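Trainee: One structure follows; several queries about it will come next.
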Amino acid sequence: MRNYLRILFVLGVVLLLAACKPAAPMFPESPVAPPAEAPASSESVDEATLAASGFSKGGCGACHVIPGVPNATGTIGPDLSEIGQVAETTIASADYKGNAKTAIDFLKESLLTPDAFVSENCPNGACAAGLMPSYANGTVSDQELNAMVNFLAKLPSTEIAQPGEIVTEAPVSVPQDVMADENMDWAKQVYFERCAGCHGTLRKGATGPGLTPDLMQPKGTLALASIIFNGTPGGMPDWGKQGFMTKEETEIMAEFLQVEPPQPPEMSLQQMLDTWKVLVPPEDRPTEPQTTRNWENFMAVTLRDAGQVAMIDADTFEVVDLVDTGYAVHISRMSATGRYVFTIGRDGKLALVDLWTEIPSKVAEVQLCYDARSVETSKYSGELGDFTDKYAIVGCYWPPHFVILDGETLEPFKIVSTRSYTYDTEEYHPEPRVAAIVASHFKPEWIVNVKETGQVWMVDYSDLINPTIKMIEAERFLHDGGWDSTQRYFLVAANNMDKIAVIDSLEGKLEALVDAGNVPHPGRGANWIDPEYGPVWSTSHLGEGEIISIGTDPEGHPDSAWKVVRTLKLPGSGSLFIKSHPNSEWLWVDMTFNPDPALSRTVCVIKKSNPDEIYKCWEASTFGRADHFEYNMQGTQIWVSIWGNAAVPGEVGEIVVYDDKTLEEIARIPNLVTPTGKFNVYNTIHDIY
Ligand code: DHE
């Protein structure tokens with residue numbers, strides 16, 4: 001039944017697409033609306049129409065630039081603008097090990113057995129094997145295949161219009177009820193769990209591209225399913241290869257992307273209060289630490305797929321406690337004294353853990369939204385008041401709002417919507433999500449980064465009944481970031497704009513917008529002293545293998561301030577985190593989302609005194625992905641997560657601890673379920689990174 005309805009849906013989409021009239025000179029007739037069966041003879045349908053039908057059915061344009069083919073502007077696979085010529089040179093080269101003797105045979109082989117020759121020339125480096133789907137399974141008819149091959153063999157051709165000249169009408173809106181209910185329910189849930197973070201709940205795009213039906217329908221189910229299954233070098237995870245979706249499920253998800261996105265519900269203060277539980281009231285909590293452990297050197301470790309946080313003693317490597325928190329736990333932040341750990345799950349559930357009890361214990365919990373990523377606490381103490389351990393703030397993706405809570409009980413009392421207008425074009429955005437939040441060290445203020453509208457909100461928490469918010473225009477798609485070493489400037493990645501915005505928290509203004517590489521992803525970044533340029537802050541990138549370092553000392557090194565002073569190439573893209581410590585001579589970096597399994601578990605170190613080259617890279621484990629770094633409070637040991645697979649016994653995940661001086665492994669903390677972020681209490685209170 002599921003399959004039958006799916007076929008109906010695909011046919012439905014194809015027929016709707018057939019209604020679109022392309023203006024491509026190469027294909028004067030509709031490029032879609034192929035007959036269900038191939039035409040009886042090639043004379044009845046001209047070759048251009050057959051080729052167009054084949055490219056459309058194959059969804060080739062989702063991954064390739066193909067001049068003259070409507071919407072063929074993809075940048076995942078090689079640019080095929082000159083593929084006819086490239087085919088000739090490839091078969092003549094020593095690297096070619098396939099069976100083709102002519103360009104036509106080579107092109108046919110590429111469509112039928114794509115892995116016979118995997119090109120080195122994808123836009124982000126060498127292409128990955130397994131990414132290109134085979135057309136041997138009847139996706140296109142023999143006539144269509146031959147027409148596609150003949151068309152490609154003629155490239156480059158000056159007679160063919162460039163893609164930029166092609167205008168197509170918008171695809172017709174497809175209602176959700178074309179999908180079977182069970183498929184729709186499954187896709188809605190899995191989209192929320194796996195995709196919404198990068199692409200948006202309403203699919204308008206942020207870290208990942210927009211996935212609205214008008215953009216998805218021209219790509220087609222086959223191409224979309226292939227991308228979802230195999231991932232891309234630009235940072236899209238390979239959900240199929242990782243075992244999270246079967247081939248059939250990637251097709252259902254591809255269908256889901258072609259229908260109108262469902263609108264999720266809102267959440268009121270009363271709904272939040274209904275979930276609020278104070279498990280140990282403040283008056284029943286200890287007034288001084290009951291534990292004899294060095295609790296300031298605890299690590300709060302996210303066990304992503306267990307929905308738990310492990311409290312690990314970084315002096316002894318013992319797991320002191322496992323605390324149940326929200327679904328797919330994201331990050332932890334500490335109160336100003338460090339006594340309390342605040343842990344936020346993707347489901348918007350916040351847990352408050354008291355570290356002063358003999359064993360760390362959860363003392364309160366509440367749900368503030370359906371989708372969240374950030375939490376921060378009030379840290380200011382000075383002439384404007386003492387806000388130590390007083391408040392917390394949670395930033396939500398859906399509904400798009402932030403919520404202010406009591407710091408000791410988690411009672412929510414103020415909701416502020418971030419729905420607003422984009423800073424540059426002043427267009428209404430229904431889903432401006434709250435990304436990173438940090439607490440100012442100079443004022444009673446939180447710096448709240450509103451992703452889609454590109455505004456940084458300075459939220460004054462000294463009078464929360466009548467809060468004042470200064471809205472600073474920065475750049476769209478604000479995501480994650482951290483302080484410079486003076487903790488005056490906050491550097492935040494506008495990741496899909498390839499920029500770093502620098503906010504001066506003292507003056508409350510945008511200090512600079514710095515050009516970065518492809519999708520910068522700093523985590524909180526790394527501060528260190530460059531031998532030539534003085535204090536710098538570094539980030540790595542998701543979309544390309546490089547680290548950039550930005551000068552952060554406008555007083556002492558004005559010539560390098562807010563400029564990229566150094567760029568260092570990494571062995572691969574897909575990096576998520578970089579880390580250092582003032583006591584360390586190294587910068588550490590991962591490549592977690594690199595499609596090559598070996599690179600995804602490789603870590604590299606760069607010597608600060610010789611920042612032009614990588615000192616050493618190695619695989620930190622034999623399974624999983626290496627992800628995120630954290631130092632112990634002394635800055636002498638560094639922890640790396642091995643993000644395993646919760647379903648594979650023995651490979652669920654672990655943490656590797658290295659001596660930061662010698663780079664020798666000194667401990668492995670095994671059997672931790674998918675550990676990701678690690679937050680040392682002392683370092684997190686003091687923003688040391
Ligand atoms: Fe994160 C930080 C959002 C995927 C691990 N992540 C952040 C922050 C944001 C964010 C906004 C900054 C919080 C702050 O400082 O207040 N993360 C998102 C996403 O939207 C995204 C891209 C997709 C999603 O669906 O969630 C995403 N993040 C991931 C992961 O896949 C990671 C690797 C593992 C996981 O949790 O599933 C992951 N994100 C982290 C970690 C931090 C983080 C460890 C904190 C880094 C730090 O050192 O402060």
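A note on labels: chains of the structure tokens are A, B, ... as shown, every chain counts residues from 1, and ligands are counted from 1 in their shown order.
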Please build the interface table for chain A against ligand 1 with a cut-off of 7 Å, listing for each qualifying residue the nearest atom pair and the distance in Å to one decimal; count only C-alpha atoms and all ligand atoms, order rows by chain and increasing number, and write it as a Markdown table.

Mentor:
| residue | atom | partner | partner_atom_place_in_ligand_line | distance |
| --- | --- | --- | --- | --- |
| A:Glu193 | CA | ligand 1 | 25 (O) | 6.7 |
| A:Arg194 | CA | ligand 1 | 25 (O) | 5.6 |
| A:Cys195 | CA | ligand 1 | 25 (O) | 5.8 |
| A:Ala196 | CA | ligand 1 | 25 (O) | 5.8 |
| A:Gly197 | CA | ligand 1 | 25 (O) | 3.2 |
| A:Cys198 | CA | ligand 1 | 23 (C) | 4.7 |
| A:Thr207 | CA | ligand 1 | 22 (C) | 6.4 |
| A:Arg304 | CA | ligand 1 | 36 (O) | 6.1 |
| A:Ala328 | CA | ligand 1 | 37 (O) | 6.4 |
| A:Val329 | CA | ligand 1 | 36 (O) | 6.3 |
| A:His330 | CA | ligand 1 | 36 (O) | 4.5 |
| A:Ile331 | CA | ligand 1 | 45 (C) | 5.5 |
| A:Arg373 | CA | ligand 1 | 11 (C) | 5.3 |
| A:Ser374 | CA | ligand 1 | 16 (O) | 4.1 |
| A:Val375 | CA | ligand 1 | 16 (O) | 5.7 |
| A:Glu376 | CA | ligand 1 | 16 (O) | 6.7 |
| A:Val434 | CA | ligand 1 | 11 (C) | 7.0 |
| A:Ala435 | CA | ligand 1 | 11 (C) | 3.6 |
| A:Ala436 | CA | ligand 1 | 16 (O) | 3.3 |
| A:Ile437 | CA | ligand 1 | 16 (O) | 4.2 |
| A:Val438 | CA | ligand 1 | 16 (O) | 6.3 |
| A:His479 | CA | ligand 1 | 11 (C) | 4.9 |
| A:Asp480 | CA | ligand 1 | 12 (C) | 4.4 |
| A:Gly481 | CA | ligand 1 | 15 (O) | 6.4 |
| A:Gly523 | CA | ligand 1 | 46 (C) | 4.4 |
| A:Arg524 | CA | ligand 1 | 49 (O) | 5.1 |
| A:Leu576 | CA | ligand 1 | 33 (C) | 6.7 |
| A:Asp627 | CA | ligand 1 | 33 (C) | 6.8 |
| A:His628 | CA | ligand 1 | 44 (C) | 6.0 |
| A:Thr676 | CA | ligand 1 | 34 (C) | 5.4 |
| A:Gly677 | CA | ligand 1 | 44 (C) | 3.4 |
| A:Lys678 | CA | ligand 1 | 44 (C) | 6.7 |

Trainee: From a DSSP calculation on the backbone, collect every residue of range 283-341 of chain A in strand (DSSP E) and output the set as a VMD selection string.

Mentor: chain A and resid 298 to 303 308 to 313 319 to 324 329 to 334 340 to 341

Trainee: List the neighbours of Thr567 in chain A out to 9 Å using only C-alpha atoms; skip same-chain residues closer than 2 positions along the sequence, and give me the result as a PyMOL selection string.

Mentor: chain A and resi 546-549+564-565+569+612

Trainee: Using only C-alpha atoms, which residue out of A:Thr201, A:Ser600, A:Thr139, A:Thr425 lies closest to Cys396 in chain A?

Mentor: A:Thr201

Trainee: For range 397-403 of chain A, find every residue with an atom within 6 Å (counting only C-alpha atoms), except residues of its own chain fewer than 3 positions away, and show them as a count of residues only.

Mentor: 15

Trainee: Just give me the gap between CA of Ile472 in chain A and CA of Ser538 in chain A in Å, one decimal is fine.

Mentor: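 About the pair CA of Ile472 in chain A and CA of Ser538 in chain A: they are 23.1 Å apart.
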
Trainee: Any idea what's packed within 12 Å of Asp463 in chain A, counting only C-alpha atoms, ignoring anything in its chain fewer than 4 positions away? Could you give it as an mmCIF file with N, CA and C atoms, in the first residue's frame?

Mentor:
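Okay, result.cif is ready:
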data_model
loop_
_atom_site.group_PDB
_atom_site.id
_atom_site.type_symbol
_atom_site.label_atom_id
_atom_site.label_comp_id
_atom_site.auth_asym_id
_atom_site.auth_seq_id
_atom_site.Cartn_x
_atom_site.Cartn_y
_atom_site.Cartn_z
ATOM 1 N N LEU A 384 25.655 47.650 38.521
ATOM 2 C CA LEU A 384 24.251 47.611 38.070
ATOM 3 C C LEU A 384 23.462 46.491 38.755
ATOM 4 N N GLY A 385 24.116 45.781 39.670
ATOM 5 C CA GLY A 385 23.410 44.728 40.412
ATOM 6 C C GLY A 385 24.188 43.415 40.399
ATOM 7 N N PHE A 387 23.681 39.651 39.502
ATOM 8 C CA PHE A 387 22.756 38.732 38.821
ATOM 9 C C PHE A 387 23.296 37.291 38.799
ATOM 10 N N TYR A 391 19.194 34.220 36.670
ATOM 11 C CA TYR A 391 18.304 33.925 35.541
ATOM 12 C C TYR A 391 18.958 32.947 34.569
ATOM 13 N N ILE A 404 12.732 33.449 29.240
ATOM 14 C CA ILE A 404 13.567 33.773 30.400
ATOM 15 C C ILE A 404 12.982 33.085 31.627
ATOM 16 N N LYS A 414 8.970 34.849 31.028
ATOM 17 C CA LYS A 414 8.905 35.851 29.956
ATOM 18 C C LYS A 414 9.232 35.183 28.626
ATOM 19 N N PRO A 444 24.675 43.737 32.333
ATOM 20 C CA PRO A 444 23.660 42.698 32.510
ATOM 21 C C PRO A 444 22.924 42.473 31.187
ATOM 22 N N GLU A 445 23.582 41.808 30.273
ATOM 23 C CA GLU A 445 23.022 41.644 28.923
ATOM 24 C C GLU A 445 23.313 40.259 28.385
ATOM 25 N N VAL A 459 20.008 41.858 24.834
ATOM 26 C CA VAL A 459 18.836 41.813 25.720
ATOM 27 C C VAL A 459 19.269 42.188 27.138
ATOM 28 N N PRO A 467 11.755 44.537 29.526
ATOM 29 C CA PRO A 467 13.103 44.388 28.968
ATOM 30 C C PRO A 467 13.377 45.365 27.820
ATOM 31 N N THR A 468 14.618 45.829 27.741
ATOM 32 C CA THR A 468 14.992 46.619 26.563
ATOM 33 C C THR A 468 15.897 45.754 25.697
ATOM 34 N N ILE A 469 15.684 45.870 24.393
ATOM 35 C CA ILE A 469 16.467 45.068 23.449
ATOM 36 C C ILE A 469 17.025 45.996 22.382
#

Trainee: For the atom pair CA of Val149 in chain A and CA of Asp105 in chain A, what is the interatomic distance in Å to one decimal place?

Mentor: 8.6 Å

Trainee: What is the distance between CA of Leu202 in chain A and CA of Glu475 in chain A, in Å to one decimal?

Mentor: 20.2 Å

Trainee: Nearest to Glu532 in chain A: which of A:Lys579, A:Lys108, A:Lys608, A:Arg601 is it, counting only C-alpha atoms?

Mentor: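 Using only C-alpha atoms, the shortest distance to Glu532 in chain A belongs to A:Lys608.
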